[in-house]
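The file input17.txt contains compact mmCIF, C-alpha atoms and all ligand atoms:
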# COMPACT_ATOMS: atom_id res chain seq x y z
CA ILE A 1 -16.62 -15.54 -18.43
CA LYS A 2 -18.74 -17.46 -15.96
CA HIS A 3 -16.75 -17.89 -12.75
CA ILE A 4 -14.15 -15.44 -11.39
CA GLY A 5 -11.75 -16.08 -8.52
CA VAL A 6 -10.70 -13.13 -6.34
CA PHE A 7 -8.03 -12.80 -3.68
CA THR A 8 -6.10 -10.22 -1.66
CA SER A 9 -2.37 -10.67 -1.21
CA GLY A 10 0.62 -9.01 0.51
CA GLY A 11 0.04 -6.46 3.27
CA ASP A 12 -3.63 -5.63 3.80
CA SER A 13 -4.69 -2.07 3.04
CA PRO A 14 -7.82 -0.04 3.80
CA GLY A 15 -10.15 -0.05 0.79
CA MET A 16 -9.63 -3.71 -0.12
CA ASN A 17 -13.08 -4.63 1.22
CA ALA A 18 -14.70 -1.83 -0.78
CA ALA A 19 -13.07 -3.22 -3.93
CA LEU A 20 -14.29 -6.75 -3.07
CA TYR A 21 -17.83 -5.45 -2.64
CA ALA A 22 -17.68 -3.68 -6.01
CA ILE A 23 -16.34 -6.80 -7.72
CA ALA A 24 -19.18 -8.90 -6.26
CA LYS A 25 -21.84 -6.35 -7.22
CA SER A 26 -20.61 -5.78 -10.74
CA ALA A 27 -20.17 -9.52 -11.35
CA GLU A 28 -23.71 -10.23 -10.13
CA VAL A 29 -25.17 -7.64 -12.47
CA ASN A 30 -23.28 -9.32 -15.31
CA ASP A 31 -24.36 -12.84 -14.28
CA ILE A 32 -20.89 -13.95 -13.29
CA LYS A 33 -20.22 -16.16 -10.28
CA VAL A 34 -17.46 -15.01 -7.92
CA SER A 35 -15.45 -17.05 -5.42
CA GLY A 36 -12.99 -15.56 -2.95
CA PHE A 37 -9.73 -17.36 -2.18
CA LEU A 38 -8.61 -17.06 1.43
CA LYS A 39 -5.11 -15.89 2.45
CA GLY A 40 -3.94 -14.83 -1.00
CA TYR A 41 -1.97 -17.34 -3.03
CA GLU A 42 -2.14 -19.78 -0.13
CA GLY A 43 -5.88 -20.23 -0.71
CA LEU A 44 -5.27 -20.69 -4.40
CA ILE A 45 -2.78 -23.47 -3.69
CA ASP A 46 -4.96 -25.19 -1.06
CA GLY A 47 -8.30 -24.72 -2.82
CA ASP A 48 -9.60 -22.68 0.11
CA LEU A 49 -12.43 -20.63 -1.34
CA ILE A 50 -15.74 -19.08 -0.32
CA PRO A 51 -18.71 -17.91 -2.38
CA PHE A 52 -19.12 -14.15 -2.80
CA LYS A 53 -22.42 -12.35 -2.37
CA SER A 54 -22.70 -8.58 -2.73
CA HIS A 55 -25.49 -8.24 -0.14
CA GLU A 56 -23.11 -9.68 2.47
CA LEU A 57 -20.08 -7.74 1.30
CA LYS A 58 -21.86 -4.40 1.41
CA LYS A 59 -21.96 -4.77 5.21
CA ILE A 60 -18.17 -4.63 5.43
CA THR A 61 -17.32 -2.20 2.63
CA GLN A 62 -16.49 0.50 5.20
CA LYS A 63 -14.06 -1.71 7.14
CA GLY A 64 -10.26 -1.79 7.01
CA GLY A 65 -8.28 -4.98 6.48
CA THR A 66 -9.52 -7.65 4.09
CA ILE A 67 -12.37 -10.04 4.68
CA LEU A 68 -10.54 -12.57 2.49
CA LYS A 69 -7.47 -12.44 4.74
CA THR A 70 -4.06 -12.11 3.19
CA ALA A 71 -0.57 -13.59 3.21
CA ARG A 72 2.82 -13.41 1.57
CA SER A 73 3.02 -16.91 0.14
CA LYS A 74 6.44 -18.55 -0.07
CA ARG A 75 4.95 -21.66 -1.67
CA PHE A 76 3.68 -19.72 -4.68
CA LEU A 77 7.25 -18.61 -5.43
CA GLU A 78 7.93 -22.26 -6.33
CA LEU A 79 6.68 -23.83 -9.57
CA GLU A 80 5.24 -26.68 -7.51
CA GLY A 81 2.96 -24.23 -5.67
CA ARG A 82 1.85 -22.58 -8.90
CA LYS A 83 1.01 -25.99 -10.42
CA LYS A 84 -1.22 -26.75 -7.43
CA ALA A 85 -2.90 -23.38 -7.86
CA LEU A 86 -3.57 -24.25 -11.50
CA GLN A 87 -5.23 -27.51 -10.43
CA THR A 88 -7.47 -25.56 -8.03
CA LEU A 89 -8.57 -23.24 -10.82
CA LYS A 90 -9.34 -26.16 -13.14
CA ALA A 91 -11.17 -28.14 -10.44
CA ASN A 92 -13.41 -25.15 -9.69
CA LYS A 93 -13.84 -24.16 -13.36
CA ILE A 94 -12.55 -20.66 -12.71
CA ASP A 95 -12.02 -18.79 -15.95
CA ALA A 96 -10.55 -15.48 -14.71
CA LEU A 97 -8.71 -14.14 -11.65
CA ILE A 98 -8.69 -10.74 -9.96
CA ALA A 99 -5.89 -10.04 -7.48
CA ILE A 100 -5.65 -7.09 -5.11
CA GLY A 101 -2.14 -6.49 -3.81
CA GLY A 102 1.25 -4.91 -4.33
CA ASP A 103 4.13 -5.46 -6.73
CA GLY A 104 4.92 -8.90 -5.24
CA THR A 105 1.36 -9.97 -6.07
CA PHE A 106 1.74 -8.86 -9.68
CA ARG A 107 5.13 -10.58 -9.98
CA GLY A 108 3.34 -13.74 -8.81
CA LEU A 109 0.69 -13.34 -11.50
CA LEU A 110 3.33 -12.80 -14.18
CA ALA A 111 5.05 -16.05 -13.17
CA PHE A 112 1.69 -17.81 -13.02
CA SER A 113 0.80 -16.61 -16.55
CA GLU A 114 3.58 -18.86 -17.88
CA ILE A 115 1.58 -21.96 -16.98
CA CYS A 116 -1.98 -20.61 -16.82
CA ASP A 117 -3.61 -18.73 -19.66
CA ILE A 118 -6.87 -17.54 -18.14
CA PRO A 119 -7.07 -13.71 -17.87
CA PHE A 120 -5.67 -12.03 -14.74
CA ILE A 121 -6.59 -8.50 -13.65
CA GLY A 122 -4.80 -6.66 -10.85
CA ILE A 123 -5.91 -3.93 -8.48
CA PRO A 124 -3.13 -2.04 -6.67
CA GLY A 125 -3.66 -2.47 -2.93
CA THR A 126 -0.85 -1.35 -0.63
CA ILE A 127 -0.39 1.53 1.77
CA ASP A 128 3.09 2.17 0.30
CA ASN A 129 1.90 3.77 -2.99
CA ASP A 130 4.93 2.26 -4.68
CA ILE A 131 3.38 0.81 -7.82
CA SER A 132 4.00 2.03 -11.36
CA GLY A 133 0.92 2.55 -13.52
CA THR A 134 -1.17 4.35 -10.92
CA ASP A 135 -0.97 7.65 -9.06
CA TYR A 136 -2.63 6.09 -6.03
CA THR A 137 -2.80 2.62 -4.55
CA LEU A 138 -5.69 1.48 -2.38
CA GLY A 139 -4.98 2.27 1.27
CA PHE A 140 -2.32 4.93 0.84
CA ASP A 141 -4.67 7.84 1.54
CA SER A 142 -6.06 6.13 4.66
CA ALA A 143 -2.57 5.28 5.93
CA VAL A 144 -1.42 8.87 5.46
CA ASN A 145 -4.51 10.13 7.30
CA THR A 146 -3.77 7.77 10.19
CA ALA A 147 -0.13 8.85 10.26
CA ILE A 148 -1.14 12.52 10.26
CA GLU A 149 -3.63 12.04 13.06
CA ASN A 150 -0.94 10.44 15.22
CA ILE A 151 1.81 12.89 14.32
CA ASP A 152 -0.50 15.80 15.19
CA LYS A 153 -0.86 14.29 18.66
CA ILE A 154 2.87 13.80 19.01
CA LYS A 155 3.39 17.44 18.06
CA ASP A 156 1.21 18.59 20.97
CA THR A 157 3.43 16.88 23.51
CA ALA A 158 6.63 17.70 21.60
CA GLU A 159 5.77 21.39 21.70
CA SER A 160 4.90 21.27 25.39
CA HIS A 161 8.35 19.88 26.25
CA ASN A 162 10.45 21.50 23.51
CA ARG A 163 11.48 18.03 22.45
CA ILE A 164 12.86 16.55 19.29
CA PHE A 165 10.61 13.73 18.09
CA ILE A 166 11.62 11.27 15.44
CA VAL A 167 8.52 9.59 14.07
CA GLU A 168 9.04 6.52 11.91
CA VAL A 169 6.35 5.80 9.35
CA MET A 170 5.87 2.78 7.08
CA GLY A 171 6.59 2.51 3.38
CA ARG A 172 9.17 -0.27 3.02
CA ASP A 173 11.38 1.14 0.20
CA SER A 174 9.05 4.02 -0.58
CA GLY A 175 9.01 7.51 0.93
CA TYR A 176 5.48 8.43 -0.09
CA ILE A 177 3.90 8.06 3.34
CA ALA A 178 6.78 9.99 4.92
CA ILE A 179 6.62 12.86 2.41
CA HIS A 180 2.85 13.23 2.60
CA SER A 181 2.59 12.90 6.38
CA GLY A 182 5.71 14.97 7.03
CA LEU A 183 4.82 17.91 4.81
CA THR A 184 1.24 18.10 6.03
CA THR A 185 2.19 18.08 9.72
CA GLY A 186 4.88 20.75 9.33
CA ALA A 187 7.80 18.40 9.99
CA ASP A 188 11.20 20.08 10.28
CA ALA A 189 12.88 17.24 8.42
CA ILE A 190 11.69 14.32 6.30
CA LEU A 191 13.92 11.36 5.50
CA ILE A 192 13.02 9.02 2.66
CA PRO A 193 14.83 6.07 1.05
CA GLU A 194 14.85 7.71 -2.39
CA SER A 195 16.72 10.90 -1.43
CA GLY A 196 20.41 11.38 -0.75
CA LYS A 197 20.12 15.03 0.29
CA ASP A 198 17.45 14.89 2.97
CA PHE A 199 19.91 14.03 5.77
CA ILE A 200 22.06 17.05 4.89
CA TYR A 201 18.99 19.28 5.23
CA LEU A 202 18.32 17.73 8.64
CA LEU A 203 21.88 18.29 9.86
CA ASN A 204 21.80 21.93 8.78
CA LYS A 205 18.64 22.52 10.74
CA VAL A 206 19.86 20.66 13.82
CA LYS A 207 23.02 22.82 13.90
CA ASN A 208 20.82 25.89 14.41
CA TYR A 209 18.39 24.22 16.80
CA ASN A 210 18.28 25.97 20.18
CA ASN A 211 16.32 23.47 22.33
CA GLU A 212 13.63 26.11 22.79
CA GLU A 213 10.96 24.65 20.58
CA ALA A 214 9.77 21.32 19.28
CA PHE A 215 11.55 19.72 16.33
CA LEU A 216 9.82 17.04 14.32
CA VAL A 217 11.57 14.52 12.09
CA VAL A 218 9.48 12.12 10.01
CA VAL A 219 11.55 9.20 8.79
CA SER A 220 10.45 6.46 6.45
CA GLU A 221 11.17 2.94 7.76
CA GLY A 222 13.07 2.24 4.53
CA ASP A 223 15.48 5.13 4.97
CA GLU A 224 19.04 3.79 5.12
CA LEU A 225 19.81 5.53 8.43
CA GLY A 226 16.73 4.53 10.42
CA ALA A 227 15.33 6.30 13.47
CA GLU A 228 18.02 5.13 15.96
CA LEU A 229 20.95 6.22 13.85
CA VAL A 230 19.32 9.54 13.05
CA ALA A 231 18.85 10.07 16.78
CA SER A 232 22.52 9.36 17.55
CA LYS A 233 23.70 11.66 14.73
CA ILE A 234 21.54 14.46 16.12
CA LYS A 235 22.99 13.89 19.60
CA GLU A 236 26.53 14.04 18.20
CA ILE A 237 25.81 17.58 17.04
CA ASN A 238 23.75 18.67 20.01
CA SER A 239 24.20 16.57 23.13
CA ASP A 240 21.67 18.62 25.13
CA VAL A 241 18.65 17.66 23.07
CA ASP A 242 15.67 16.00 24.70
CA LEU A 243 14.77 13.40 22.09
CA ARG A 244 12.16 10.69 21.72
CA ILE A 245 11.49 8.12 19.00
CA THR A 246 7.99 6.93 18.07
CA ARG A 247 7.27 4.19 15.56
CA LEU A 248 3.76 4.19 14.13
CA VAL A 249 4.15 0.71 12.61
CA HIS A 250 0.98 -1.30 11.85
CA VAL A 251 -1.41 1.31 13.24
CA GLN A 252 -1.06 2.85 9.78
CA ARG A 253 -2.42 -0.25 8.06
CA GLY A 254 -5.63 -0.52 10.06
CA GLY A 255 -8.77 1.52 10.50
CA ASN A 256 -11.72 2.31 8.29
CA PRO A 257 -10.72 3.45 4.81
CA SER A 258 -10.96 7.15 3.94
CA ALA A 259 -13.68 8.32 1.56
CA PHE A 260 -11.02 8.47 -1.16
CA ASP A 261 -9.95 4.84 -0.67
CA ARG A 262 -13.52 3.55 -0.47
CA MET A 263 -14.38 5.27 -3.73
CA LEU A 264 -11.12 4.17 -5.36
CA GLY A 265 -11.85 0.57 -4.32
CA ILE A 266 -15.34 0.75 -5.76
CA ARG A 267 -14.18 2.30 -9.03
CA MET A 268 -11.30 -0.15 -9.44
CA GLY A 269 -13.43 -3.17 -8.52
CA VAL A 270 -16.01 -2.32 -11.17
CA ALA A 271 -13.27 -1.53 -13.70
CA ALA A 272 -11.66 -4.93 -13.06
CA ILE A 273 -14.88 -6.74 -14.04
CA GLU A 274 -15.40 -4.47 -17.05
CA SER A 275 -11.84 -5.12 -18.20
CA LEU A 276 -12.46 -8.86 -18.10
CA LEU A 277 -15.67 -8.44 -20.07
CA GLN A 278 -13.73 -6.46 -22.66
CA GLY A 279 -11.30 -9.36 -23.06
CA LYS A 280 -8.34 -7.74 -21.29
CA LYS A 281 -5.73 -9.91 -19.57
CA ASN A 282 -2.62 -9.53 -17.43
CA VAL A 283 -3.16 -5.86 -16.73
CA MET A 284 -3.57 -3.75 -13.60
CA VAL A 285 -6.25 -1.12 -13.15
CA GLY A 286 -4.67 2.22 -12.23
CA ILE A 287 -5.74 5.83 -11.84
CA SER A 288 -4.06 8.92 -13.31
CA HIS A 289 -5.61 12.37 -13.77
CA ASN A 290 -8.69 10.88 -12.08
CA GLN A 291 -9.16 8.50 -15.03
CA LEU A 292 -8.99 4.74 -14.70
CA HIS A 293 -6.69 3.00 -17.16
CA LEU A 294 -4.88 -0.31 -17.61
CA THR A 295 -1.15 -1.09 -17.47
CA SER A 296 0.44 -4.45 -18.27
CA PHE A 297 1.94 -6.35 -15.33
CA LYS A 298 5.33 -6.20 -17.06
CA GLU A 299 5.29 -2.39 -16.78
CA VAL A 300 3.82 -2.41 -13.29
CA VAL A 301 6.61 -4.42 -11.69
CA LYS A 302 9.29 -1.97 -12.86
CA GLN A 303 10.87 0.23 -10.20
CA HIS A 304 8.51 2.97 -9.02
CA GLN A 305 9.97 6.47 -8.61
CA VAL A 306 8.93 9.35 -6.41
CA ASN A 307 7.87 12.08 -8.83
CA ASN A 308 10.00 15.19 -9.30
CA GLU A 309 7.47 17.57 -7.85
CA LEU A 310 7.70 15.75 -4.51
CA TYR A 311 11.51 15.94 -4.57
CA GLU A 312 11.24 19.67 -5.14
CA LEU A 313 8.89 20.04 -2.19
CA LEU A 314 11.28 18.04 -0.04
CA GLU A 315 14.09 20.38 -1.03
CA LEU A 316 12.07 23.55 -0.43
CA PHE A 317 10.87 22.52 3.00
CA GLY A 318 14.26 21.05 3.87
CA LYS A 319 15.81 24.54 3.74
O1 LIG B 401 3.77 -3.20 2.16
C1 LIG B 401 3.02 -2.71 3.20
C2 LIG B 401 3.82 -2.71 4.48
O2 LIG B 401 2.99 -2.22 5.51
C3 LIG B 401 5.13 -1.93 4.43
O3 LIG B 401 4.93 -0.55 4.60
C4 LIG B 401 5.89 -2.57 5.55
O4 LIG B 401 7.28 -2.46 5.35
C5 LIG B 401 5.46 -4.00 5.48
O5 LIG B 401 4.21 -4.02 4.83
C6 LIG B 401 5.33 -4.68 6.82
O6 LIG B 401 5.04 -6.01 6.61
P1 LIG B 401 4.54 -6.99 7.75
O7 LIG B 401 3.12 -6.64 8.07
O8 LIG B 401 4.68 -8.34 7.14
O9 LIG B 401 5.42 -6.76 8.94

What is this structure when it is put down as structure tokens?
Ligand code: F6P
Amino acid sequence: IKHIGVFTSGGDSPGMNAALYAIAKSAEVNDIKVSGFLKGYEGLIDGDLIPFKSHELKKITQKGGTILKTARSKRFLELEGRKKALQTLKANKIDALIAIGGDGTFRGLLAFSEICDIPFIGIPGTIDNDISGTDYTLGFDSAVNTAIENIDKIKDTAESHNRIFIVEVMGRDSGYIAIHSGLTTGADAILIPESGKDFIYLLNKVKNYNNEEAFLVVVSEGDELGAELVASKIKEINSDVDLRITRLVHVQRGGNPSAFDRMLGIRMGVAAIESLLQGKKNVMVGISHNQLHLTSFKEVVKQHQVNNELYELLELFGK
């Protein structure tokens, strides 16, 4: 392998830059040239690429976002777009690709592998932590830390006014951010898309709520009820409540990555290069039991489940 292409795709997540730095460094040590495609699959289609140098990337390894920019490419969903991407790879003599992104990114690579047989390696980068084949995705830890920091602040004012606060956190169809940020801030109720019982726990607690203390609900954006509906259901039971809704939205995606995400990015970036050197293809680097390992894209794109231990915690604290 002489020339690797790298890109970030889907929602940006803290730790992506650390992974890019590690890829550049490890490739340099192994005498491999690296080019970065801009704006995910869009750059691949348009041939928009920049050279990668580790001494430049080390300056931004501590920063959130992605220096390569990112996008959710509609054009790559079409065969026409993928054919153009193939031409770009041939024209630039790229013999391997590393992609950092979420499940949509890996679905894209699977489709691309039908017309392009160079090796692809994936690195899971999304704040949602909703990817099979890894316990943690890049950016999840940072996003949870940001959510916690903000929820702690909301609690101060909620307690001062004896208010109910509904805080909506990100996670698309995944409740991981909600569970982690809710449990660690002492939320009274946590609502996630994967659970059918969590709303019942909330209603039971609201029935006994006396308006004489704060009450914190953390709801995942993907929950079927959503913050507004939860608020109106609470008011149906207790019309006297003083209630506010806060949405943390994209604040959770930004900011410098946590130590955990920086280190995860560095470990996964190096592992991606090593996997290519070992002849691996169409696999994602993941981490379980603090060990890096590889999972095929076919496995990765399967539905990701919240693990049972987290459900049990949700039940215990819901009582
Ligand atoms: O996948 C990451 C994520 O931040 C989700 O949590 C959220 O639903 C989505 O991206 C938001 O996407 P956009 O930035 O395109 O609004």

task: Give the residue list for ligand LIG 401 (chain B) at 10 Å, counting all atoms listed in the file, as a ChimeraX atom specification, sorted by chain and then by residue number.
output: /A:10-13,71-72,101-104,125-130,139-140,143,169-175,177,220-222,249-254

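If only C-alpha atoms are the atoms counted, then among A:Tyr21, A:Tyr201, A:Phe7, A:Tyr311 the closest residue to Glu56 in chain A is A:Tyr21.
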
task: Using only C-alpha atoms, give me every residue within 12 Å of (-7.1, 0.0, -12.7) in file coordinates, as a ChimeraX atom specification.
output: /A:19,98-100,121-125,131-138,264-276,280,282-288,290-297,300

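The coordinates place CA of Tyr209 in chain A at 10.3 Å from CA of Ile234 in chain A.
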
- prompt: Closest to Arg247 in chain A among A:Lys33, A:Phe165, A:Asp152, A:His304, using only C-alpha atoms?
  reply: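 Selected residue with least distance to Arg247 in chain A: A:Phe165.
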
- prompt: Using all atoms listed in the file, what residues lie at most 9 Å away from (-6.2, 7.8, 4.9) (file coordinates), given as JSON, numbers by chain?
  reply: {"A": [14, 139, 140, 141, 142, 143, 144, 145, 146, 147, 148, 252, 255, 256, 257, 258, 259, 260, 261]}

query: Using only C-alpha atoms, which of the listed residues (A:Asn30, A:Tyr176, A:Gln87, A:Ile94) sits closest to Leu191 in chain A?
result: A:Tyr176

- request: For each of A:Leu203, A:Leu248, A:Leu109, A:Leu97, take the minimum atom-to-atom distance to Ile151 in chain A, counting all atoms listed in the file, then give the residue where this is smallest.
  value: A:Leu248

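Each of A:Val217, A:Ile164, A:Ile1, A:Leu229 was checked against Ile190 in chain A using only C-alpha atoms; the smallest atom-to-atom distance is that of A:Val217.
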
message: Which residues are near Gly5 in chain A? Cut-off 6 Å, only C-alpha atoms, ignore same chain within fewer than 4 positions. Put them as a ChimeraX atom specification.
response: /A:34-36,97

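Restricting the calculation to all atoms listed in the file, the smallest distance between Arg163 in chain A and any of A:Ile192, A:Leu110, A:Ile237, A:Leu243 is found for A:Leu243.
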
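Between CA of Ile200 in chain A and CA of Gln303 in chain A the interatomic distance comes to 25.2 Å.
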
field: Between CA of Glu149 in chain A and CA of Lys207 in chain A - distance in Å to one decimal
entry: 28.8 Å
